[in-house]
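See below for my_file-v2.csv, which holds CSV, C-alpha atoms.
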```csv
chain,number,residue,atom,x,y,z
J,267,LEU,CA,17.4,8.7,4.5
J,268,THR,CA,17.9,12.5,4.4
J,269,LEU,CA,15.7,12.7,1.3
J,270,ILE,CA,13.0,10.7,3.1
J,271,ILE,CA,13.2,12.9,6.2
J,272,ILE,CA,12.9,16.1,4.1
J,273,CYS,CA,9.9,14.6,2.4
J,274,ILE,CA,8.3,13.7,5.7
J,275,ALA,CA,8.9,17.2,7.1
J,276,CYS,CA,7.3,18.8,4.0
J,277,PHE,CA,4.5,16.2,4.2
J,278,LYS,CA,3.8,17.1,7.8
J,279,LYS,CA,3.8,20.8,7.1
J,280,MET,CA,1.6,20.7,4.0
J,281,ALA,CA,-0.7,17.8,4.7
J,282,GLY,CA,-1.1,18.2,8.4
J,283,ILE,CA,-0.5,14.6,9.1
J,284,GLY,CA,-1.1,13.7,12.7
J,285,GLY,CA,1.2,11.7,14.9
J,286,LEU,CA,4.6,12.8,13.9
J,287,ASP,CA,5.3,14.8,17.1
J,288,ASP,CA,3.5,12.2,19.2
J,289,VAL,CA,6.2,9.6,18.4
J,290,GLY,CA,9.2,11.8,18.6
J,291,GLY,CA,9.9,13.0,15.1
J,292,PRO,CA,10.1,11.9,11.5
J,293,GLU,CA,12.4,8.9,11.9
J,294,GLN,CA,10.4,7.6,14.8
J,295,TRP,CA,7.1,8.1,12.9
J,296,LEU,CA,8.5,6.3,9.9
J,297,ASN,CA,9.6,3.3,12.1
J,298,SER,CA,6.1,3.3,13.7
J,299,LEU,CA,4.4,2.5,10.4
J,300,PRO,CA,3.5,-1.1,9.5
J,301,ILE,CA,6.4,-2.7,7.6
J,302,ILE,CA,4.9,-2.8,4.1
J,303,THR,CA,3.5,0.7,4.4
J,304,LYS,CA,6.8,2.0,5.7
J,305,TYR,CA,8.8,0.7,2.8
J,306,TRP,CA,6.3,1.7,0.2
J,307,PHE,CA,6.2,5.2,1.6
J,308,ALA,CA,10.0,5.4,2.0
J,309,GLY,CA,10.5,4.2,-1.6
J,310,THR,CA,8.0,6.6,-3.0
J,311,ALA,CA,9.3,9.5,-1.0
J,312,ALA,CA,12.9,8.8,-2.0
J,313,LEU,CA,12.1,8.2,-5.7
J,314,THR,CA,9.8,11.2,-5.9
J,315,VAL,CA,12.2,13.6,-4.3
J,316,GLY,CA,15.2,12.1,-6.2
J,317,GLY,CA,13.3,12.4,-9.6
J,318,ASN,CA,12.3,16.0,-8.9
J,319,MET,CA,15.8,17.0,-7.9
J,320,GLY,CA,17.4,15.4,-10.9
J,321,ILE,CA,19.1,12.7,-8.9
J,322,VAL,CA,17.1,10.0,-10.8
J,323,SER,CA,16.2,10.4,-14.4
J,324,LEU,CA,12.5,10.8,-14.8
J,325,GLY,CA,12.6,8.9,-18.1
J,326,LYS,CA,13.8,5.8,-16.2
J,327,ILE,CA,10.7,5.7,-13.9
J,328,PRO,CA,7.6,4.9,-16.1
J,329,PHE,CA,6.7,1.5,-17.3
J,330,VAL,CA,7.9,1.0,-20.8
J,331,TRP,CA,7.7,-2.6,-22.0
J,332,GLU,CA,10.1,-2.0,-24.9
J,333,ALA,CA,12.8,-0.8,-22.5
J,334,VAL,CA,12.2,-3.8,-20.3
J,335,LYS,CA,12.3,-6.3,-23.2
J,336,ASP,CA,15.1,-4.7,-25.3
J,337,LYS,CA,17.3,-3.1,-22.6
J,338,PHE,CA,16.5,-5.4,-19.6
J,339,GLU,CA,15.5,-2.4,-17.5
J,340,ILE,CA,13.7,-4.6,-15.0
J,341,TRP,CA,13.4,-1.9,-12.4
J,342,ARG,CA,10.5,-0.5,-14.4
J,343,PHE,CA,8.3,-3.2,-13.0
J,344,LEU,CA,8.7,-1.5,-9.6
J,345,THR,CA,9.4,2.2,-10.1
J,346,PRO,CA,6.0,3.1,-11.6
J,347,PHE,CA,4.4,2.2,-8.2
J,348,CYS,CA,6.8,4.5,-6.3
J,349,PHE,CA,6.6,7.9,-8.0
J,350,ALA,CA,4.0,10.5,-6.8
J,351,GLY,CA,4.6,13.1,-9.5
J,352,LYS,CA,6.2,16.5,-9.7
J,353,PHE,CA,6.4,18.7,-6.6
J,354,SER,CA,2.9,20.0,-6.0
J,355,ILE,CA,0.0,19.9,-3.6
J,356,GLY,CA,-1.3,16.9,-5.6
J,357,MET,CA,2.0,15.1,-5.0
J,358,VAL,CA,1.7,15.7,-1.3
J,359,PHE,CA,-1.9,14.5,-1.3
J,360,THR,CA,-1.0,11.4,-3.2
J,361,ILE,CA,1.6,10.5,-0.6
J,362,TYR,CA,-0.8,11.3,2.2
J,363,MET,CA,-3.4,8.9,0.7
J,364,LEU,CA,-0.7,6.2,0.2
J,365,VAL,CA,0.1,6.3,3.9
J,366,GLN,CA,-3.4,6.5,5.2
J,367,PHE,CA,-5.0,3.9,3.0
J,368,SER,CA,-2.1,1.4,3.2
J,369,LYS,CA,-1.7,1.8,7.0
J,370,GLN,CA,-5.4,1.4,7.8
J,371,TYR,CA,-5.7,-1.8,5.7
J,372,GLU,CA,-2.4,-3.3,6.8
J,373,ALA,CA,-2.8,-2.6,10.5
J,374,ALA,CA,-6.4,-3.8,10.6
J,375,SER,CA,-7.4,-7.2,9.2
J,376,PRO,CA,-6.5,-7.9,5.6
J,377,TYR,CA,-8.3,-10.7,3.8
J,378,ASN,CA,-7.0,-14.0,5.0
J,379,THR,CA,-5.6,-15.9,2.1
J,380,GLY,CA,-3.4,-18.2,4.2
J,381,GLY,CA,-1.3,-15.9,6.4
J,382,GLY,CA,-3.8,-15.5,9.2
J,383,GLY,CA,-5.2,-12.2,7.9
J,384,GLY,CA,-1.9,-10.4,8.5
J,385,THR,CA,1.2,-8.9,6.9
J,386,ALA,CA,1.9,-11.9,4.6
J,387,ASP,CA,-1.6,-11.7,3.2
J,388,TYR,CA,-1.2,-7.9,2.6
J,389,ALA,CA,2.2,-8.5,0.9
J,390,PHE,CA,0.5,-11.0,-1.4
J,391,CYS,CA,-2.4,-8.6,-2.0
J,392,MET,CA,0.0,-5.9,-3.0
J,393,VAL,CA,2.0,-8.1,-5.4
J,394,PHE,CA,-1.2,-9.4,-6.9
J,395,GLY,CA,-2.4,-5.9,-7.5
J,396,MET,CA,0.9,-4.7,-9.0
J,397,VAL,CA,1.0,-7.7,-11.4
J,398,LEU,CA,-2.6,-7.3,-12.5
J,399,ILE,CA,-2.1,-3.5,-13.0
J,400,LEU,CA,0.8,-4.2,-15.3
J,401,LEU,CA,-1.0,-6.9,-17.2
J,402,THR,CA,-4.2,-4.9,-17.7
J,403,TYR,CA,-2.5,-1.6,-18.5
J,404,PRO,CA,-1.9,-2.3,-22.2
J,405,VAL,CA,-5.6,-3.2,-22.7
J,406,ILE,CA,-7.2,-0.5,-20.6
J,407,SER,CA,-4.9,2.2,-22.0
J,408,ILE,CA,-6.5,1.6,-25.4
J,409,TYR,CA,-9.8,2.9,-24.0
J,410,LEU,CA,-8.6,5.2,-21.2
J,411,PRO,CA,-5.7,7.8,-21.4
J,412,LEU,CA,-3.6,6.2,-18.6
J,413,ALA,CA,-0.1,7.3,-17.8
J,414,PRO,CA,2.5,4.6,-17.4
J,415,VAL,CA,3.0,5.5,-13.7
J,416,PHE,CA,0.8,3.5,-11.3
J,417,THR,CA,1.2,4.9,-7.8
J,418,ARG,CA,-2.4,6.2,-7.6
J,419,ASN,CA,-3.7,3.1,-9.4
J,420,LEU,CA,-2.2,1.0,-6.6
J,421,ILE,CA,-3.4,3.4,-3.9
J,422,PHE,CA,-7.0,3.2,-5.0
J,423,TYR,CA,-6.7,-0.6,-5.5
J,424,VAL,CA,-5.8,-0.8,-1.8
J,425,CYS,CA,-8.6,1.7,-1.0
J,426,TYR,CA,-11.2,-0.4,-2.8
J,427,VAL,CA,-10.1,-3.6,-1.1
J,428,TRP,CA,-10.2,-1.8,2.3
J,429,SER,CA,-13.8,-0.6,1.5
J,430,LYS,CA,-15.0,-4.1,0.7
J,431,ARG,CA,-13.3,-5.5,3.8
J,432,ASN,CA,-14.8,-2.8,6.0
J,433,PRO,CA,-18.1,-1.9,4.2
J,434,THR,CA,-19.9,-0.5,7.3
J,435,ALA,CA,-16.9,1.4,8.9
J,436,PRO,CA,-17.7,5.1,9.3
J,437,ALA,CA,-15.5,7.3,7.1
J,438,ASN,CA,-15.5,10.9,5.9
J,439,ILE,CA,-13.9,13.2,3.5
J,440,TRP,CA,-13.4,16.7,4.9
J,441,GLY,CA,-16.2,16.2,7.4
J,442,ILE,CA,-18.8,14.6,5.0
J,443,PRO,CA,-19.6,11.2,6.6
J,444,PHE,CA,-20.4,8.0,4.8
J,445,LYS,CA,-19.8,4.3,5.0
J,446,GLY,CA,-16.5,2.8,4.1
J,447,ILE,CA,-18.0,0.9,1.1
J,448,TYR,CA,-18.4,4.3,-0.7
J,449,MET,CA,-14.8,5.5,0.0
J,450,PRO,CA,-13.2,4.9,-3.5
J,451,PHE,CA,-16.3,6.2,-5.3
J,452,ALA,CA,-16.4,9.3,-3.2
J,453,TYR,CA,-12.8,10.1,-4.3
J,454,LEU,CA,-13.7,9.3,-7.9
J,455,ALA,CA,-16.6,11.7,-7.8
J,456,LEU,CA,-14.6,14.4,-6.1
J,457,SER,CA,-11.8,14.0,-8.8
J,458,VAL,CA,-14.4,14.3,-11.6
J,459,LEU,CA,-16.1,17.4,-10.0
J,460,MET,CA,-12.7,19.1,-9.5
J,461,GLY,CA,-11.6,18.3,-13.0
J,462,ASN,CA,-8.6,16.2,-11.8
J,463,PRO,CA,-7.4,13.1,-13.6
J,464,TYR,CA,-9.5,10.1,-12.5
J,465,PHE,CA,-8.8,7.3,-15.0
J,466,ASP,CA,-6.1,5.9,-12.7
J,467,ILE,CA,-8.7,5.7,-9.9
J,468,ILE,CA,-11.0,3.7,-12.2
J,469,HIS,CA,-8.1,1.4,-13.1
J,470,GLY,CA,-7.4,0.8,-9.4
J,471,ILE,CA,-11.0,0.1,-8.6
J,472,VAL,CA,-11.3,-2.4,-11.5
J,473,VAL,CA,-8.2,-4.3,-10.3
J,474,GLY,CA,-9.4,-4.1,-6.7
J,475,HIS,CA,-12.7,-5.6,-7.7
J,476,ILE,CA,-11.0,-8.5,-9.4
J,477,TYR,CA,-9.0,-9.2,-6.2
J,478,TYR,CA,-12.2,-8.9,-4.1
J,479,PHE,CA,-14.1,-11.2,-6.3
J,480,LEU,CA,-11.5,-13.9,-6.3
J,481,VAL,CA,-10.7,-13.7,-2.5
J,482,ASP,CA,-14.3,-13.2,-1.1
J,483,VAL,CA,-17.0,-13.9,-3.7
J,484,VAL,CA,-15.6,-17.1,-5.3
J,485,PRO,CA,-15.1,-18.9,-2.0
J,486,LEU,CA,-18.5,-18.0,-0.7
J,487,VAL,CA,-20.5,-18.7,-3.9
J,488,TYR,CA,-18.5,-21.5,-5.5
J,489,GLY,CA,-16.7,-23.0,-2.4
J,490,LYS,CA,-13.3,-22.7,-4.0
J,491,ASP,CA,-10.2,-20.8,-2.6
J,492,VAL,CA,-8.6,-19.4,-5.7
J,493,LEU,CA,-5.9,-17.1,-4.1
J,494,HIS,CA,-3.4,-18.5,-1.7
J,495,THR,CA,-0.6,-16.5,0.0
J,496,PRO,CA,2.7,-18.1,-1.1
J,497,GLN,CA,4.6,-20.0,1.6
J,498,PHE,CA,7.7,-17.8,1.3
J,499,PHE,CA,5.6,-14.7,2.3
J,500,ILE,CA,4.4,-16.7,5.4
J,501,ASP,CA,7.9,-17.9,6.2
J,502,PHE,CA,9.2,-14.4,6.1
J,503,PHE,CA,6.4,-12.4,7.8
J,504,GLY,CA,4.9,-15.2,9.9
J,505,LEU,CA,1.2,-15.7,10.7
J,506,GLY,CA,-0.8,-12.6,11.6
J,507,GLU,CA,0.8,-9.2,12.0
J,508,TYR,CA,4.6,-9.1,11.4
J,509,VAL,CA,6.7,-8.7,14.6
J,510,PRO,CA,10.3,-7.5,14.1
J,511,PRO,CA,13.1,-9.6,15.4
J,512,ALA,CA,13.6,-9.2,19.2
J,513,PRO,CA,16.9,-7.8,20.7
J,514,ALA,CA,19.3,-10.4,21.9
J,515,ALA,CA,19.0,-11.7,25.5
J,516,PRO,CA,21.6,-10.5,28.1
J,517,ALA,CA,25.0,-12.1,27.7
J,518,ARG,CA,26.1,-15.1,29.7
J,519,ALA,CA,28.9,-14.9,32.1
J,520,GLY,CA,31.4,-15.5,29.3
J,521,GLY,CA,30.1,-12.5,27.4
J,522,ARG,CA,28.4,-14.5,24.7
J,523,PRO,CA,24.8,-13.3,23.9
J,524,MET,CA,22.1,-15.9,24.7
J,525,GLY,CA,20.1,-17.2,21.8
J,526,GLY,CA,22.6,-15.8,19.2
J,527,ILE,CA,24.1,-17.8,16.4
J,528,GLY,CA,27.8,-17.1,15.6
J,529,ASN,CA,28.2,-13.3,15.6
J,530,ASN,CA,24.5,-12.7,15.4
J,531,THR,CA,23.3,-10.3,18.0
J,532,LEU,CA,19.6,-11.0,17.5
J,533,ASN,CA,17.5,-13.8,18.8
J,534,PRO,CA,15.5,-15.8,16.3
J,535,PRO,CA,12.8,-13.5,14.8
J,536,GLY,CA,9.6,-13.2,16.8
J,537,ARG,CA,7.4,-13.0,13.7
J,538,VAL,CA,4.5,-15.2,14.6
J,539,ASN,CA,1.4,-13.7,16.2
J,540,ALA,CA,-1.9,-15.4,16.6
J,541,PRO,CA,-3.7,-15.2,13.3
J,542,ASN,CA,-6.5,-12.6,12.9
J,543,ASP,CA,-9.9,-14.2,13.0
J,544,PRO,CA,-11.3,-13.6,9.5
J,545,ALA,CA,-14.9,-13.8,11.0
J,546,ARG,CA,-14.2,-11.0,13.4
J,547,GLY,CA,-16.2,-7.9,12.9
J,548,ASN,CA,-14.8,-4.6,11.7
J,549,ARG,CA,-12.5,-2.6,13.8
J,550,GLY,CA,-14.0,0.7,14.5
J,551,GLY,CA,-14.2,3.6,12.1
J,552,HIS,CA,-11.8,5.9,10.4
J,553,GLN,CA,-11.7,9.4,9.1
J,554,TRP,CA,-9.9,10.2,5.9
J,555,GLY,CA,-8.9,13.6,4.5
J,556,SER,CA,-10.0,15.5,7.6
J,557,GLY,CA,-6.6,16.8,8.7
J,558,GLY,CA,-4.6,13.6,8.6
J,559,ARG,CA,-5.6,11.9,11.9
J,560,ALA,CA,-7.3,8.5,11.6
J,561,LEU,CA,-9.9,7.9,14.3
J,562,GLY,CA,-11.0,4.6,15.6
J,563,THR,CA,-8.1,2.1,16.1
J,564,ASP,CA,-4.6,3.1,16.8
```
For the structure just supplied, provide its representation as structure tokens.
Amino acid sequence: LTLIIICIACFKKMAGIGGLDDVGGPEQWLNSLPIITKYWFAGTAALTVGGNMGIVSLGKIPFVWEAVKDKFEIWRFLTPFCFAGKFSIGMVFTIYMLVQFSKQYEAASPYNTGGGGGTADYAFCMVFGMVLILLTYPVISIYLPLAPVFTRNLIFYVCYVWSKRNPTAPANIWGIPFKGIYMPFAYLALSVLMGNPYFDIIHGIVVGHIYYFLVDVVPLVYGKDVLHTPQFFIDFFGLGEYVPPAPAAPARAGGRPMGGIGNNTLNPPGRVNAPNDPARGNRGGHQWGSGGRALGTD
């Protein structure tokens, strides 16, 4: 937790992210994030700081199929999506984009694949993207010099899916306005012009388009629903936006909490919200890369 707080403090100072002071500090800000964004950010912050400080071996982070197959290092299926690189401005900007893109898509209205357009659907979207990135990496790396670390790939996968879900939402990069549909391509063009690596962005866009095609185009054109959120995601997160378990009710006269089971001090989870209406229009606009404060919905 200390590593995460240190990373948040540096993140705030260098990236100028808005909202930390508004919610009472780093820990409160972390807890205010949507659940999947929160754990993705926390895992990335901890692994990035730990790797740069020598707590975690950098050689254990990338995806190496031989190490998975021969040494059963199965954590390599996950760690490549949670490392933002060596300490640098680029690392801070990567974490900034992770939080902004993921939060905006998760907190708005993800594509409804069975979970009411909420957290369960976003969890499935993330898992689908991670699996597809891993499966396509050996093929795409033949033609593009891709590193076996996929954090930015997954970030721009989410960015692309957001842009297709919110094509007319106003967005901007450093004050230059454009529609949401152009967001991933604006970042791609900016990376090319600045001479920064951009093949991971292309990989994320390609995988994002596959998800978009299966979840939106196929049902409309062919009348078939190809992707379905697994039931265990819906059972865990509920329909619509995830709601954390509520505190226990006041104790009865005998001192036993109401609604608890055994020594449980929590009531049954209040996870079910009304599903988001997939036909509902876009929710306002957002600004990206303009000092860290997203405008539109809060």
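As for atom CA of J:Pro510 and atom CA of J:Val427, they are spaced 25.7 Å apart.
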Requested in this report: For J:Trp341, work out the shell of residues within 12 Å, counting only C-alpha atoms and skipping chain neighbours fewer than 2 positions away, then give it as a PyMOL selection string.
Outcome: chain J and resi 326-331+333-335+337-339+343-348
**Report entry** Which residue of J:Leu486, J:Ile355, J:Val315, J:Met363 approaches J:Ile439 most closely, using all atoms listed in the file
**Finding:** J:Met363
**Report entry** Atomic distance atom CA of J:Ser457 - atom CA of J:Ala437, expressed in Å with one decimal
**Finding:**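 It comes out at 17.6 Å.
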Query raised in the report: Near J:Val481, counting all atoms listed in the file, which residues have an atom at most 9 Å away, once you skip same-chain residues fewer than 5 positions from it, shown as a PyMOL selection string?
Result: chain J and resi 377-379+476+491-494
Query raised in the report: Pick the closest to J:Phe359 from J:Val397, J:Arg418, J:Asn432, J:Lys445: which is it, counting only C-alpha atoms?
Result: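 When distances to J:Phe359 are compared using only C-alpha atoms, the smallest one comes from J:Arg418.
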Report summary line: Min atom-atom distance to J:Glu372 from the set J:Thr417, J:Asn462, J:Ser323, J:Thr303, counting only C-alpha atoms, belongs to J:Thr303
Query raised in the report: Distance atom CA of J:Tyr453-atom CA of J:Lys369, one decimal place?
Result: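 Pair atom CA of J:Tyr453 / atom CA of J:Lys369 returns 17.9 Å.
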**Report entry** Non-local contacts of J:Leu410 (9 Å; only C-alpha atoms; under 4 positions in same chain excluded) as a ChimeraX atom specification
**Finding:** /J:406,465-466,469
**Report entry** Neighbour list for J:Leu420 as a list in words, cut-off 8 Å, only C-alpha atoms, skip fewer than 3 positions in-chain
**Finding:** Phe347, Gly395, Met396, Ile399, Phe416, Thr417, Tyr423, Val424 and Gly470 of chain J
Query - Within 10 Å of file point (2.5, 12.5, -8.0), counting all atoms listed in the file, expressed as a PyMOL selection string - result: chain J and resi 310+314+348-361+415-418
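Each of J:Thr385, J:Phe394, J:Gly325, J:Met449 was compared to J:Phe367 using only C-alpha atoms, and J:Met449 turns out to be the nearest.
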Report task. Return the single residue from J:Tyr448, J:Phe498, J:Phe307, J:Tyr403 that is closest to J:Ser368, with distances computed using all atoms listed in the file. Result -> J:Phe307
Query raised in the report: Taking into account only C-alpha atoms, which residue in the set J:Ser375, J:Tyr426, J:Phe502, J:Asn297 is nearest to J:Tyr477?
Result: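 That would be J:Tyr426, the residue with the smallest distance to J:Tyr477.
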Around all of stretch 386-397 of chain J's listed atoms, make the axis-aligned box with 4 Å on each side and tell me centre and edge lengths in Å to one decimal, as AutoDock Vina command-line options.
```
--center_x -0.1 --center_y -8.3 --center_z -3.4 --size_x 12.6 --size_y 15.2 --size_z 24.0
```
